[in-house]
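*Asks:* Take a look at entry-v3.txt, compact mmCIF, C-alpha atoms and all ligand atoms:
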```txt
# COMPACT_ATOMS: atom_id res chain seq x y z
CA MET S 1475 109.08 112.19 172.75
CA ARG S 1476 111.11 110.09 175.20
CA LYS S 1477 108.24 107.60 175.43
CA ARG S 1478 107.93 107.37 171.64
CA LEU S 1479 111.68 106.80 171.29
CA HIS S 1480 111.55 104.00 173.84
CA GLU S 1481 108.54 102.46 172.09
CA ALA S 1482 110.29 102.63 168.71
CA ALA S 1483 113.45 101.02 170.11
CA ALA S 1484 111.43 98.26 171.82
CA ARG S 1485 109.51 97.58 168.60
CA VAL S 1486 112.74 97.04 166.65
CA ILE S 1487 114.34 94.97 169.40
CA ASP S 1488 111.30 92.72 169.57
CA SER S 1489 111.05 92.42 165.78
CA GLY S 1490 114.52 90.97 165.32
CA ALA S 1491 114.77 92.78 161.93
CA TYR S 1492 117.91 94.76 162.77
CA ILE S 1493 119.23 95.12 159.22
CA LYS S 1494 116.96 96.48 156.44
CA GLY S 1495 113.89 96.21 158.66
CA PRO S 1496 110.69 97.97 157.55
CA GLU S 1497 111.55 101.10 159.58
CA VAL S 1498 114.39 101.91 157.19
CA LYS S 1499 112.07 102.24 154.18
CA ILE S 1500 109.54 104.16 156.27
CA PHE S 1501 112.15 106.68 157.43
CA GLU S 1502 113.66 107.03 153.94
CA SER S 1503 110.25 107.66 152.48
CA ASN S 1504 109.33 110.19 155.20
CA MET S 1505 112.61 112.04 154.77
CA ALA S 1506 112.13 112.15 150.97
CA LYS S 1507 108.58 113.47 151.44
CA TRP S 1508 109.77 116.07 153.95
CA MET S 1509 112.54 117.27 151.59
CA GLY S 1510 110.38 117.10 148.48
CA VAL S 1511 112.68 114.72 146.58
CA GLU S 1512 111.97 111.47 144.77
CA SER S 1513 114.08 109.21 146.94
CA VAL S 1514 116.41 109.11 149.95
CA CYS S 1515 118.68 106.24 150.95
CA GLY S 1516 119.88 105.77 154.52
CA THR S 1517 123.54 104.91 155.05
CA ALA S 1518 125.82 103.85 157.89
CA CYS S 1519 127.17 107.42 158.25
CA GLY S 1520 127.64 110.71 156.41
CA THR S 1521 131.13 109.74 155.29
CA SER S 1522 129.95 106.64 153.44
CA ALA S 1523 127.04 108.66 151.99
CA LEU S 1524 129.64 111.04 150.49
CA TRP S 1525 131.64 108.08 149.22
CA ALA S 1526 128.59 106.60 147.49
CA ALA S 1527 127.58 109.97 146.04
CA MET S 1528 131.02 110.77 144.67
CA LYS S 1529 131.47 107.30 143.20
CA GLY S 1530 127.93 107.29 141.81
CA LEU S 1531 128.46 110.67 140.16
CA GLY S 1532 131.63 109.47 138.45
CA VAL S 1533 134.57 110.28 140.74
CA LYS S 1534 137.33 107.85 139.77
CA PRO S 1535 140.99 107.09 140.38
CA GLY S 1536 143.15 109.87 138.96
CA GLY S 1537 140.34 112.44 139.22
CA GLU S 1538 140.07 115.57 141.34
CA VAL S 1539 137.31 116.73 143.68
CA ILE S 1540 137.11 120.42 144.51
CA THR S 1541 135.99 121.24 148.02
CA THR S 1542 136.60 123.58 150.92
CA VAL S 1543 139.72 123.38 153.03
CA HIS S 1544 137.59 124.26 156.07
CA THR S 1545 135.38 121.24 156.70
CA ALA S 1546 135.28 117.90 158.51
CA ILE S 1547 137.89 115.56 157.07
CA ALA S 1548 135.06 113.27 155.87
CA THR S 1549 134.37 115.51 152.85
CA ALA S 1550 137.93 115.11 151.57
CA GLU S 1551 138.27 111.49 152.70
CA ALA S 1552 135.41 110.45 150.43
CA ALA S 1553 137.33 111.77 147.40
CA THR S 1554 140.38 109.76 148.41
CA LEU S 1555 138.22 106.66 148.97
CA CYS S 1556 137.20 106.96 145.31
CA GLY S 1557 140.87 107.05 144.33
CA ALA S 1558 140.71 110.77 143.49
CA THR S 1559 142.57 113.72 145.00
CA PRO S 1560 140.84 116.38 147.06
CA VAL S 1561 141.57 119.87 145.74
CA PHE S 1562 141.22 122.36 148.54
CA CYS S 1563 140.04 125.93 148.09
CA ASP S 1564 139.71 128.87 150.45
CA LEU S 1565 136.56 130.41 151.89
CA GLU S 1566 134.31 133.05 150.42
CA PRO S 1567 135.39 136.35 152.02
CA GLY S 1568 133.11 137.12 154.99
CA TYR S 1569 131.65 133.60 155.13
CA PHE S 1570 132.62 130.14 156.30
CA PHE S 1571 131.86 128.31 153.05
CA LEU S 1572 133.77 127.49 149.90
CA SER S 1573 134.36 130.36 147.48
CA ALA S 1574 132.94 129.58 144.03
CA ARG S 1575 135.56 131.90 142.49
CA GLU S 1576 138.37 129.93 144.13
CA ALA S 1577 136.69 126.71 143.03
CA GLU S 1578 136.51 127.89 139.41
CA LYS S 1579 140.22 128.80 139.41
CA ASN S 1580 141.00 125.19 140.38
CA ILE S 1581 138.89 123.45 137.73
CA THR S 1582 141.04 121.28 135.43
CA PRO S 1583 140.21 118.53 132.91
CA LYS S 1584 140.59 116.12 135.86
CA THR S 1585 137.85 117.75 137.98
CA GLN S 1586 135.07 115.23 138.55
CA ALA S 1587 132.96 116.88 141.25
CA LEU S 1588 132.36 120.20 143.00
CA VAL S 1589 131.49 119.72 146.65
CA PRO S 1590 130.25 122.80 148.50
CA VAL S 1591 129.68 122.20 152.22
CA HIS S 1592 126.90 124.06 154.02
CA LEU S 1593 129.17 124.44 157.00
CA TYR S 1594 127.77 125.32 160.43
CA GLY S 1595 124.28 125.10 158.90
CA GLN S 1596 124.89 128.14 156.65
CA PRO S 1597 123.85 127.51 153.05
CA ALA S 1598 126.74 128.13 150.64
CA ALA S 1599 126.18 130.14 147.45
CA LEU S 1600 124.58 127.18 145.71
CA ASP S 1601 123.54 128.95 142.50
CA GLU S 1602 127.17 129.83 141.82
CA PHE S 1603 128.16 126.17 142.08
CA LEU S 1604 125.23 125.00 139.97
CA GLU S 1605 126.28 127.57 137.35
CA LEU S 1606 129.88 126.29 137.44
CA GLY S 1607 128.57 122.73 137.19
CA ARG S 1608 126.57 123.62 134.06
CA LYS S 1609 129.39 125.67 132.51
CA TYR S 1610 132.03 122.95 132.88
CA GLY S 1611 129.81 119.84 132.86
CA ILE S 1612 130.84 118.81 136.38
CA PRO S 1613 128.40 117.34 138.93
CA VAL S 1614 127.67 119.29 142.11
CA ILE S 1615 127.36 117.30 145.34
CA GLU S 1616 126.17 119.19 148.41
CA ASP S 1617 127.56 118.10 151.76
CA CYS S 1618 124.54 118.87 153.96
CA ALA S 1619 125.87 117.06 157.05
CA GLN S 1620 125.64 120.21 159.15
CA ALA S 1621 122.66 121.81 157.45
CA GLN S 1622 119.69 119.50 157.36
CA GLY S 1623 116.60 121.68 157.04
CA ALA S 1624 118.44 124.85 155.96
CA ARG S 1625 116.91 126.62 152.97
CA TYR S 1626 118.48 128.20 149.93
CA LYS S 1627 116.11 130.49 148.01
CA GLY S 1628 113.13 128.85 149.70
CA LYS S 1629 114.15 125.24 149.06
CA TYR S 1630 115.82 122.80 151.40
CA VAL S 1631 119.54 122.35 150.80
CA GLY S 1632 120.17 119.09 149.04
CA THR S 1633 117.21 119.36 146.67
CA GLN S 1634 118.68 121.29 143.74
CA SER S 1635 122.05 119.73 142.91
CA ASP S 1636 123.07 116.40 141.37
CA ALA S 1637 123.40 114.70 144.75
CA ALA S 1638 123.41 115.57 148.43
CA THR S 1639 124.53 113.84 151.58
CA PHE S 1640 123.51 114.02 155.24
CA SER S 1641 124.83 112.85 158.59
CA PHE S 1642 122.83 111.74 161.61
CA PHE S 1643 125.83 111.82 163.95
CA PRO S 1644 124.26 112.48 167.38
CA SER S 1645 125.26 116.15 167.55
CA LYS S 1646 123.80 116.97 164.12
CA ASN S 1647 120.55 118.91 163.73
CA LEU S 1648 118.78 115.61 163.08
CA GLY S 1649 120.97 113.50 165.32
CA GLY S 1650 120.51 109.80 165.83
CA PHE S 1651 121.56 107.58 168.69
CA GLY S 1652 124.74 106.40 167.03
CA ASP S 1653 126.10 106.75 163.51
CA GLY S 1654 123.90 107.22 160.48
CA GLY S 1655 123.65 109.15 157.25
CA ALA S 1656 121.75 109.47 153.99
CA PHE S 1657 122.04 110.56 150.37
CA THR S 1658 119.78 111.60 147.56
CA ALA S 1659 120.52 112.02 143.85
CA LYS S 1660 118.60 113.61 141.02
CA ASP S 1661 119.18 110.96 138.35
CA PRO S 1662 117.18 107.78 139.23
CA ALA S 1663 119.76 105.51 137.54
CA LYS S 1664 122.59 107.03 139.60
CA MET S 1665 120.46 106.81 142.73
CA LYS S 1666 119.86 103.13 142.05
CA TRP S 1667 123.59 102.53 141.58
CA MET S 1668 124.44 104.40 144.78
CA LYS S 1669 121.88 102.37 146.74
CA MET S 1670 123.37 99.15 145.42
CA PHE S 1671 126.91 100.35 146.15
CA SER S 1672 125.89 101.00 149.76
CA ASN S 1673 124.66 97.41 150.08
CA HIS S 1674 127.51 95.34 148.57
CA GLY S 1675 126.46 96.02 144.98
CA ARG S 1676 123.52 93.74 145.67
CA SER S 1677 120.71 93.54 143.09
CA GLN S 1678 118.86 90.85 145.03
CA LYS S 1679 119.69 88.43 147.82
CA TYR S 1680 122.95 86.59 147.02
CA GLU S 1681 123.31 88.42 143.71
CA HIS S 1682 125.89 91.21 143.34
CA GLU S 1683 126.17 93.30 140.18
CA PHE S 1684 129.45 94.77 141.39
CA GLU S 1685 131.49 95.18 144.55
CA GLY S 1686 130.20 97.81 146.91
CA ILE S 1687 130.46 98.44 150.63
CA ASN S 1688 128.45 97.77 153.76
CA SER S 1689 126.88 101.15 154.42
CA ARG S 1690 123.32 100.50 155.55
CA LEU S 1691 121.35 102.59 158.01
CA ASP S 1692 120.49 100.36 161.02
CA THR S 1693 116.82 99.62 161.53
CA LEU S 1694 117.10 100.88 165.10
CA GLN S 1695 118.54 104.23 164.01
CA ALA S 1696 115.90 104.57 161.29
CA ALA S 1697 113.07 103.95 163.78
CA LEU S 1698 114.48 106.51 166.21
CA LEU S 1699 115.21 109.10 163.51
CA ASP S 1700 111.65 108.73 162.25
CA VAL S 1701 110.41 109.82 165.67
CA CYS S 1702 112.68 112.90 165.54
CA LEU S 1703 112.20 113.97 161.90
CA PRO S 1704 108.79 115.66 162.39
CA HIS S 1705 110.41 117.93 165.01
CA LEU S 1706 113.39 119.01 162.90
CA ASP S 1707 111.90 122.20 161.42
CA GLU S 1708 110.73 123.35 164.84
CA TRP S 1709 114.16 122.60 166.39
CA ASN S 1710 115.86 124.51 163.58
CA GLN S 1711 113.50 127.44 164.13
CA SER S 1712 114.55 127.44 167.80
CA ARG S 1713 118.22 127.45 166.78
CA ARG S 1714 117.55 130.48 164.54
CA ARG S 1715 115.92 132.25 167.49
CA VAL S 1716 118.97 131.54 169.67
CA ALA S 1717 121.26 132.80 166.87
CA LEU S 1718 119.24 136.01 166.59
CA TRP S 1719 119.69 136.65 170.36
CA TYR S 1720 123.44 136.26 169.90
CA ASP S 1721 123.46 138.40 166.72
CA GLU S 1722 121.60 141.23 168.43
CA ALA S 1723 123.75 141.09 171.55
CA PHE S 1724 127.02 141.20 169.57
CA ALA S 1725 125.88 143.83 167.04
CA ASP S 1726 127.59 146.64 168.97
CA VAL S 1727 130.73 144.69 169.93
CA PRO S 1728 133.40 145.53 167.34
CA GLN S 1729 135.84 142.80 168.49
CA VAL S 1730 133.27 140.08 167.71
CA THR S 1731 132.64 139.07 164.10
CA ILE S 1732 129.32 137.28 163.80
CA PRO S 1733 128.50 134.69 161.11
CA GLY S 1734 127.81 136.05 157.64
CA VAL S 1735 124.46 134.88 156.25
CA LEU S 1736 123.70 135.03 152.52
CA PRO S 1737 120.47 136.81 151.55
CA GLU S 1738 117.60 134.48 150.62
CA THR S 1739 118.92 131.72 152.88
CA GLU S 1740 117.64 130.26 156.13
CA PRO S 1741 120.55 128.84 158.11
CA VAL S 1742 120.04 126.19 160.77
CA TYR S 1743 122.99 127.01 163.02
CA HIS S 1744 124.42 123.57 163.59
CA VAL S 1745 126.91 125.62 165.58
CA TYR S 1746 127.08 129.38 166.27
CA VAL S 1747 130.57 130.57 165.47
CA ILE S 1748 132.12 133.93 166.26
CA LEU S 1749 135.56 135.28 165.37
CA VAL S 1750 137.49 137.06 168.12
CA PRO S 1751 141.08 138.34 168.37
CA ASP S 1752 142.12 136.18 171.37
CA ARG S 1753 140.12 132.99 170.87
CA ASP S 1754 142.16 130.79 173.20
CA GLY S 1755 142.01 133.37 176.00
CA LEU S 1756 138.26 133.71 175.59
CA GLN S 1757 137.73 129.97 175.55
CA GLU S 1758 139.65 129.56 178.79
CA PHE S 1759 137.82 132.48 180.38
CA LEU S 1760 134.44 130.96 179.46
CA SER S 1761 135.51 127.52 180.60
CA ASN S 1762 136.40 128.95 184.01
CA ARG S 1763 132.79 130.13 184.19
CA GLN S 1764 131.51 126.65 183.26
CA ILE S 1765 130.53 127.81 179.76
CA GLU S 1766 131.44 125.06 177.35
CA THR S 1767 132.56 126.09 173.87
CA GLY S 1768 134.00 124.29 170.85
CA ILE S 1769 136.42 124.88 167.98
CA HIS S 1770 135.21 123.72 164.57
CA TYR S 1771 137.99 123.37 163.45
CA PRO S 1772 141.34 124.11 165.07
CA MET S 1773 143.26 123.24 161.89
CA SER S 1774 142.34 123.65 158.22
CA LEU S 1775 142.68 120.44 156.24
CA ASN S 1776 145.81 121.55 154.34
CA LEU S 1777 147.68 121.61 157.67
CA GLN S 1778 146.49 118.16 158.81
CA PRO S 1779 149.19 115.49 158.73
CA ALA S 1780 146.92 113.43 156.45
CA TYR S 1781 147.30 116.04 153.67
CA ARG S 1782 150.97 116.86 154.12
CA TYR S 1783 151.52 115.17 150.77
CA LEU S 1784 149.71 118.04 149.05
CA ASN S 1785 152.50 120.43 150.16
CA GLN S 1786 150.13 123.25 151.07
CA GLY S 1787 151.77 124.63 154.18
CA PRO S 1788 150.77 127.54 156.44
CA GLY S 1789 149.60 130.57 154.48
CA SER S 1790 148.18 128.55 151.56
CA PHE S 1791 144.56 129.33 152.54
CA PRO S 1792 144.69 132.58 154.53
CA ARG S 1793 140.95 133.00 155.15
CA ALA S 1794 140.42 129.44 156.39
CA GLU S 1795 143.60 129.50 158.46
CA TYR S 1796 142.55 132.81 160.02
CA ALA S 1797 139.15 131.29 160.86
CA CYS S 1798 140.79 128.28 162.49
CA GLU S 1799 142.87 130.52 164.74
CA HIS S 1800 140.11 132.94 165.71
CA MET S 1801 136.84 131.01 165.71
CA LEU S 1802 134.90 129.88 168.72
CA SER S 1803 131.63 127.93 168.74
CA LEU S 1804 129.36 129.27 171.47
CA PRO S 1805 126.71 127.14 173.16
CA MET S 1806 123.96 126.36 170.64
CA HIS S 1807 121.01 124.02 170.91
CA PRO S 1808 117.26 124.41 170.44
CA ALA S 1809 116.46 124.46 174.16
CA LEU S 1810 118.77 127.37 175.10
CA THR S 1811 116.89 130.17 176.85
CA GLN S 1812 117.40 133.89 176.36
CA GLU S 1813 118.78 134.12 179.92
CA GLU S 1814 121.38 131.44 179.15
CA VAL S 1815 122.40 133.25 175.97
CA HIS S 1816 122.66 136.54 177.86
CA ARG S 1817 124.89 134.88 180.44
CA VAL S 1818 127.25 133.71 177.68
CA VAL S 1819 127.21 137.13 175.99
CA ALA S 1820 127.85 138.92 179.30
CA ALA S 1821 130.87 136.68 179.93
CA VAL S 1822 132.23 137.32 176.40
CA LYS S 1823 131.81 141.07 176.87
CA GLU S 1824 133.45 140.91 180.30
CA PHE S 1825 136.47 139.17 178.78
CA LEU S 1826 136.72 141.65 175.91
CA ALA S 1827 136.47 144.64 178.27
CA ARG S 1828 139.46 143.55 180.38
C1 LIG S 1901 130.62 118.64 156.97
C2 LIG S 1901 130.60 117.18 157.31
N1 LIG S 1901 130.67 116.28 156.32
C3 LIG S 1901 130.64 114.95 156.56
C4 LIG S 1901 130.58 114.48 157.84
C5 LIG S 1901 130.62 113.01 158.07
O1 LIG S 1901 129.52 112.51 158.73
P1 LIG S 1901 129.63 111.20 159.65
O2 LIG S 1901 130.30 111.59 160.92
O3 LIG S 1901 128.20 110.80 159.85
O4 LIG S 1901 130.37 110.18 158.88
C6 LIG S 1901 130.47 115.38 158.92
C7 LIG S 1901 130.38 114.91 160.31
O5 LIG S 1901 131.25 115.08 161.11
C8 LIG S 1901 130.51 116.77 158.64
O6 LIG S 1901 130.45 117.66 159.63
```
Can you give me the file's structure in the form of structure tokens?
*Replies:*
Amino acid sequence: MRKRLHEAAARVIDSGAYIKGPEVKIFESNMAKWMGVESVCGTACGTSALWAAMKGLGVKPGGEVITTVHTAIATAEAATLCGATPVFCDLEPGYFFLSAREAEKNITPKTQALVPVHLYGQPAALDEFLELGRKYGIPVIEDCAQAQGARYKGKYVGTQSDAATFSFFPSKNLGGFGDGGAFTAKDPAKMKWMKMFSNHGRSQKYEHEFEGINSRLDTLQAALLDVCLPHLDEWNQSRRRVALWYDEAFADVPQVTIPGVLPETEPVYHVYVILVPDRDGLQEFLSNRQIETGIHYPMSLNLQPAYRYLNQGPGSFPRAEYACEHMLSLPMHPALTQEEVHRVVAAVKEFLAR
């Protein structure tokens, strides 16, 4: 693997084709084949992929985009970049993803997109969003940044909605060696527009149909990602195995709430999140034992200074706010061994027993 990555990097460096080199098309085509979709377009990052998807699907100034209040800011930022307003909704009870019922309550004549996020690699209740999309004539865009390779009713996330976006940020399940992202869209005309938007609205060299942005996937990233892509399913399978070890070990620990998984879904555990009463105490305890943990995220978006203008103070989204105060991401990567997981679990149990 290491050798193939070095070879791929050397090939691109020697070629001199750093922007739109042949490796970009090769990777896009391999990712599309792997997903079972017509076409994939690489982008500079997941944020700009969301921007292109929202704009391509008709999100405009004055519009509203419904999404979860518990996500990376990028999901909401893309709505704002289109001139629209993000409309935040709370989580589905028992899960970490957007509640379709809350989403439906917030649909107005201004709603221009529904954006479920498959947070932590857990597929959201996609059918419910597709049903809402059909009922109200609103496009559904899946934010798959944290869930590449997860399956919903047997199909990869990102294959059943109007558009889907991905991130190759290094820590993602298919992580690159810098920034990168991708999108796909069902309608070929919209896909074509989104591709052009991501490359300065360019129809051919020195000809621009409209103004777009510079959001191209680097040739170097594409070449490296193409080396990694064939391993993604196997890495995700390893993450599921690690998650199962955690699940089993915490099954008889009432203070630990483990992630809810919808039936007929295969999550990919971008992170493994538990809810505990004293999260900060546990994090410090684990840190003292050299066990590194994370918090995704310490603050729901309504409480971020960037969204103060929405006037949705503490208590506006009780389930998301509770998650932010009580969640802890335990070590999770495909190479974790059962012994390492048991060491983490033993430390968590030791803390809880004090
Ligand atoms: C849910 C979600 N959406 C979008 C993004 C944005 O991706 P990127 O960092 O590649 O712009 C991320 C990455 O942090 C994410 O986690």
*Asks:* For the atom pair CA of Leu1604 (chain S) and CA of Cys1519 (chain S), what is the interatomic distance in Å to one decimal place?
*Replies:* 25.4 Å
*Asks:* Please indicate the distance in Å from CA of Met1670 (chain S) to CA of Ala1506 (chain S), rounded to one decimal place.
*Replies:*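 A separation of 18.1 Å between them.
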*Asks:* All residues within 8 Å of ligand LIG 1901 (chain S) are required, counting only C-alpha atoms and all ligand atoms; please report them as a PyMOL selection string.
*Replies:* chain S and resi 1518-1524+1545-1549+1591-1593+1617-1620+1639-1643+1646+1653-1655
*Asks:* Generate the output file for the selected residues, C-alpha atoms, as a tab-separated table (two decimals), keeping the file's coordinate frame.
*Replies:*
```
chain	number	residue	atom	x	y	z
S	1518	ALA	CA	125.82	103.85	157.89
S	1519	CYS	CA	127.17	107.42	158.25
S	1520	GLY	CA	127.64	110.71	156.41
S	1521	THR	CA	131.13	109.74	155.29
S	1522	SER	CA	129.95	106.64	153.44
S	1523	ALA	CA	127.04	108.66	151.99
S	1524	LEU	CA	129.64	111.04	150.49
S	1545	THR	CA	135.38	121.24	156.70
S	1546	ALA	CA	135.28	117.90	158.51
S	1547	ILE	CA	137.89	115.56	157.07
S	1548	ALA	CA	135.06	113.27	155.87
S	1549	THR	CA	134.37	115.51	152.85
S	1591	VAL	CA	129.68	122.20	152.22
S	1592	HIS	CA	126.90	124.06	154.02
S	1593	LEU	CA	129.17	124.44	157.00
S	1617	ASP	CA	127.56	118.10	151.76
S	1618	CYS	CA	124.54	118.87	153.96
S	1619	ALA	CA	125.87	117.06	157.05
S	1620	GLN	CA	125.64	120.21	159.15
S	1639	THR	CA	124.53	113.84	151.58
S	1640	PHE	CA	123.51	114.02	155.24
S	1641	SER	CA	124.83	112.85	158.59
S	1642	PHE	CA	122.83	111.74	161.61
S	1643	PHE	CA	125.83	111.82	163.95
S	1646	LYS	CA	123.80	116.97	164.12
S	1653	ASP	CA	126.10	106.75	163.51
S	1654	GLY	CA	123.90	107.22	160.48
S	1655	GLY	CA	123.65	109.15	157.25
```
*Asks:* Using all atoms listed in the file, which of the listed residues (S:Trp1709, S:Arg1676, S:Gln1695, S:Thr1559) sits closest to Ile1487 (chain S)?
*Replies:*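 Going through S:Trp1709, S:Arg1676, S:Gln1695, S:Thr1559 one by one, the smallest distance to Ile1487 (chain S) is for S:Gln1695.
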*Asks:* Between S:Gln1729, S:Ser1672, S:Gln1622, S:Gln1586, single out the one closest to Phe1684 (chain S), counting only C-alpha atoms.
*Replies:*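 That would be S:Ser1672, the residue with the smallest distance to Phe1684 (chain S).
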*Asks:* Report as a PDB file with C-alpha atoms, in the frame of the given file all protein, DNA and RNA residues lying within 8 Å of Val1561 (chain S), evaluated on all atoms listed in the file, omitting residues in the same chain fewer than 3 positions from it.
*Replies:*
```pdb
ATOM      1  CA  GLU S1538     140.070 115.570 141.340  1.00  0.00           C
ATOM      2  CA  VAL S1539     137.310 116.730 143.680  1.00  0.00           C
ATOM      3  CA  ILE S1540     137.110 120.420 144.510  1.00  0.00           C
ATOM      4  CA  THR S1541     135.990 121.240 148.020  1.00  0.00           C
ATOM      5  CA  ASN S1580     141.000 125.190 140.380  1.00  0.00           C
TER       6      ASN S1580
END
```
*Asks:* Applying 7 Å and only C-alpha atoms, which residues near Val1614 (chain S) remain after dropping the ones on its own chain fewer than 3 positions away? List them as a PyMOL selection string.
*Replies:* chain S and resi 1587-1589+1603-1604+1607+1635-1637
*Asks:* Pick out the closest residue to Ala1821 (chain S) from this set: S:Lys1529, S:Lys1664, S:Lys1534, S:Arg1763. Count all atoms listed in the file.
*Replies:* S:Arg1763
*Asks:* Can you work out which one of S:Pro1792, S:Tyr1743, S:Ile1615, S:Phe1651 has the shortest atom-to-atom distance to Leu1694 (chain S), counting all atoms listed in the file?
*Replies:* S:Phe1651
*Asks:* Neighbours of Glu1683 (chain S) within 10 Å (only C-alpha atoms; same-chain residues fewer than 2 positions away dropped), as a list in words?
*Replies:*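 Counting only C-alpha atoms, the residues come to Trp1667, Met1670, Phe1671, His1674, Gly1675, Arg1676, Ser1677, Gln1678, Glu1681, Glu1685 and Gly1686 of chain S.
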*Asks:* Would you mind telling me which residue in S:Cys1798, S:Leu1760, S:Met1528, S:Ala1659 lies nearest to Val1818 (chain S) when using all atoms listed in the file?
*Replies:* S:Leu1760
*Asks:* Work out how far apart CA of Asp1692 (chain S) and CA of Glu1497 (chain S) are and give it in Å to one decimal.
*Replies:*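 Interatomic distance, CA of Asp1692 (chain S) to CA of Glu1497 (chain S): 9.1 Å.
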*Asks:* Need the shell around Ser1774 (chain S): protein/DNA/RNA residues with any atom at most 12 Å away, counting only C-alpha atoms. Skip same-chain ones fewer than 3 positions apart. Format as number ranges by chain?
*Replies:* S: 1542-1547, 1550, 1562-1565, 1570, 1769-1771, 1777-1782, 1786-1799, 1801
*Asks:* For the selection just defined, write its residues with C-alpha atoms to a file, as a PDB file, in the coordinates of the input.
*Replies:*
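Writing done, so here's part-v7.pdb:
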```pdb
ATOM      1  CA  THR S1542     136.600 123.580 150.920  1.00  0.00           C
ATOM      2  CA  VAL S1543     139.720 123.380 153.030  1.00  0.00           C
ATOM      3  CA  HIS S1544     137.590 124.260 156.070  1.00  0.00           C
ATOM      4  CA  THR S1545     135.380 121.240 156.700  1.00  0.00           C
ATOM      5  CA  ALA S1546     135.280 117.900 158.510  1.00  0.00           C
ATOM      6  CA  ILE S1547     137.890 115.560 157.070  1.00  0.00           C
ATOM      7  CA  ALA S1550     137.930 115.110 151.570  1.00  0.00           C
ATOM      8  CA  PHE S1562     141.220 122.360 148.540  1.00  0.00           C
ATOM      9  CA  CYS S1563     140.040 125.930 148.090  1.00  0.00           C
ATOM     10  CA  ASP S1564     139.710 128.870 150.450  1.00  0.00           C
ATOM     11  CA  LEU S1565     136.560 130.410 151.890  1.00  0.00           C
ATOM     12  CA  PHE S1570     132.620 130.140 156.300  1.00  0.00           C
ATOM     13  CA  ILE S1769     136.420 124.880 167.980  1.00  0.00           C
ATOM     14  CA  HIS S1770     135.210 123.720 164.570  1.00  0.00           C
ATOM     15  CA  TYR S1771     137.990 123.370 163.450  1.00  0.00           C
ATOM     16  CA  LEU S1777     147.680 121.610 157.670  1.00  0.00           C
ATOM     17  CA  GLN S1778     146.490 118.160 158.810  1.00  0.00           C
ATOM     18  CA  PRO S1779     149.190 115.490 158.730  1.00  0.00           C
ATOM     19  CA  ALA S1780     146.920 113.430 156.450  1.00  0.00           C
ATOM     20  CA  TYR S1781     147.300 116.040 153.670  1.00  0.00           C
ATOM     21  CA  ARG S1782     150.970 116.860 154.120  1.00  0.00           C
ATOM     22  CA  GLN S1786     150.130 123.250 151.070  1.00  0.00           C
ATOM     23  CA  GLY S1787     151.770 124.630 154.180  1.00  0.00           C
ATOM     24  CA  PRO S1788     150.770 127.540 156.440  1.00  0.00           C
ATOM     25  CA  GLY S1789     149.600 130.570 154.480  1.00  0.00           C
ATOM     26  CA  SER S1790     148.180 128.550 151.560  1.00  0.00           C
ATOM     27  CA  PHE S1791     144.560 129.330 152.540  1.00  0.00           C
ATOM     28  CA  PRO S1792     144.690 132.580 154.530  1.00  0.00           C
ATOM     29  CA  ARG S1793     140.950 133.000 155.150  1.00  0.00           C
ATOM     30  CA  ALA S1794     140.420 129.440 156.390  1.00  0.00           C
ATOM     31  CA  GLU S1795     143.600 129.500 158.460  1.00  0.00           C
ATOM     32  CA  TYR S1796     142.550 132.810 160.020  1.00  0.00           C
ATOM     33  CA  ALA S1797     139.150 131.290 160.860  1.00  0.00           C
ATOM     34  CA  CYS S1798     140.790 128.280 162.490  1.00  0.00           C
ATOM     35  CA  GLU S1799     142.870 130.520 164.740  1.00  0.00           C
ATOM     36  CA  MET S1801     136.840 131.010 165.710  1.00  0.00           C
TER      37      MET S1801
END
```
*Asks:* Measuring between only C-alpha atoms, which one of S:Leu1756, S:Glu1551, S:Val1745, S:Trp1719 shows the shortest distance to Glu1824 (chain S)?
*Replies:*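 Residue with the minimum atom-to-atom distance to Glu1824 (chain S): S:Leu1756.
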*Asks:* Within 12 Å of region 1805-1812 of chain S, counting all atoms listed in the file, which residues show up once you throw out same-chain ones fewer than 5 positions away? Write them as JSON, numbers by chain, please.
*Replies:* {"S": [1594, 1595, 1645, 1646, 1647, 1648, 1649, 1705, 1706, 1707, 1708, 1709, 1710, 1711, 1712, 1713, 1714, 1715, 1716, 1717, 1718, 1719, 1720, 1722, 1723, 1742, 1743, 1744, 1745, 1746, 1747, 1748, 1757, 1760, 1761, 1764, 1765, 1766, 1767, 1768, 1769, 1817, 1818, 1819, 1820]}
*Asks:* Distance cut-off 12 Å, centre (110.1, 109.4, 145.8) in file coordinates, counting all atoms listed in the file: which residues qualify? Return them as a list in words.
*Replies:*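 Residues with an atom close enough to that point: Lys1499, Ile1500, Glu1502, Ser1503, Asn1504, Met1505, Ala1506, Lys1507, Trp1508, Met1509, Gly1510, Val1511, Glu1512, Ser1513, Val1514, Cys1515, Thr1658, Ala1659, Lys1660, Asp1661, Pro1662 and Met1665 of chain S.
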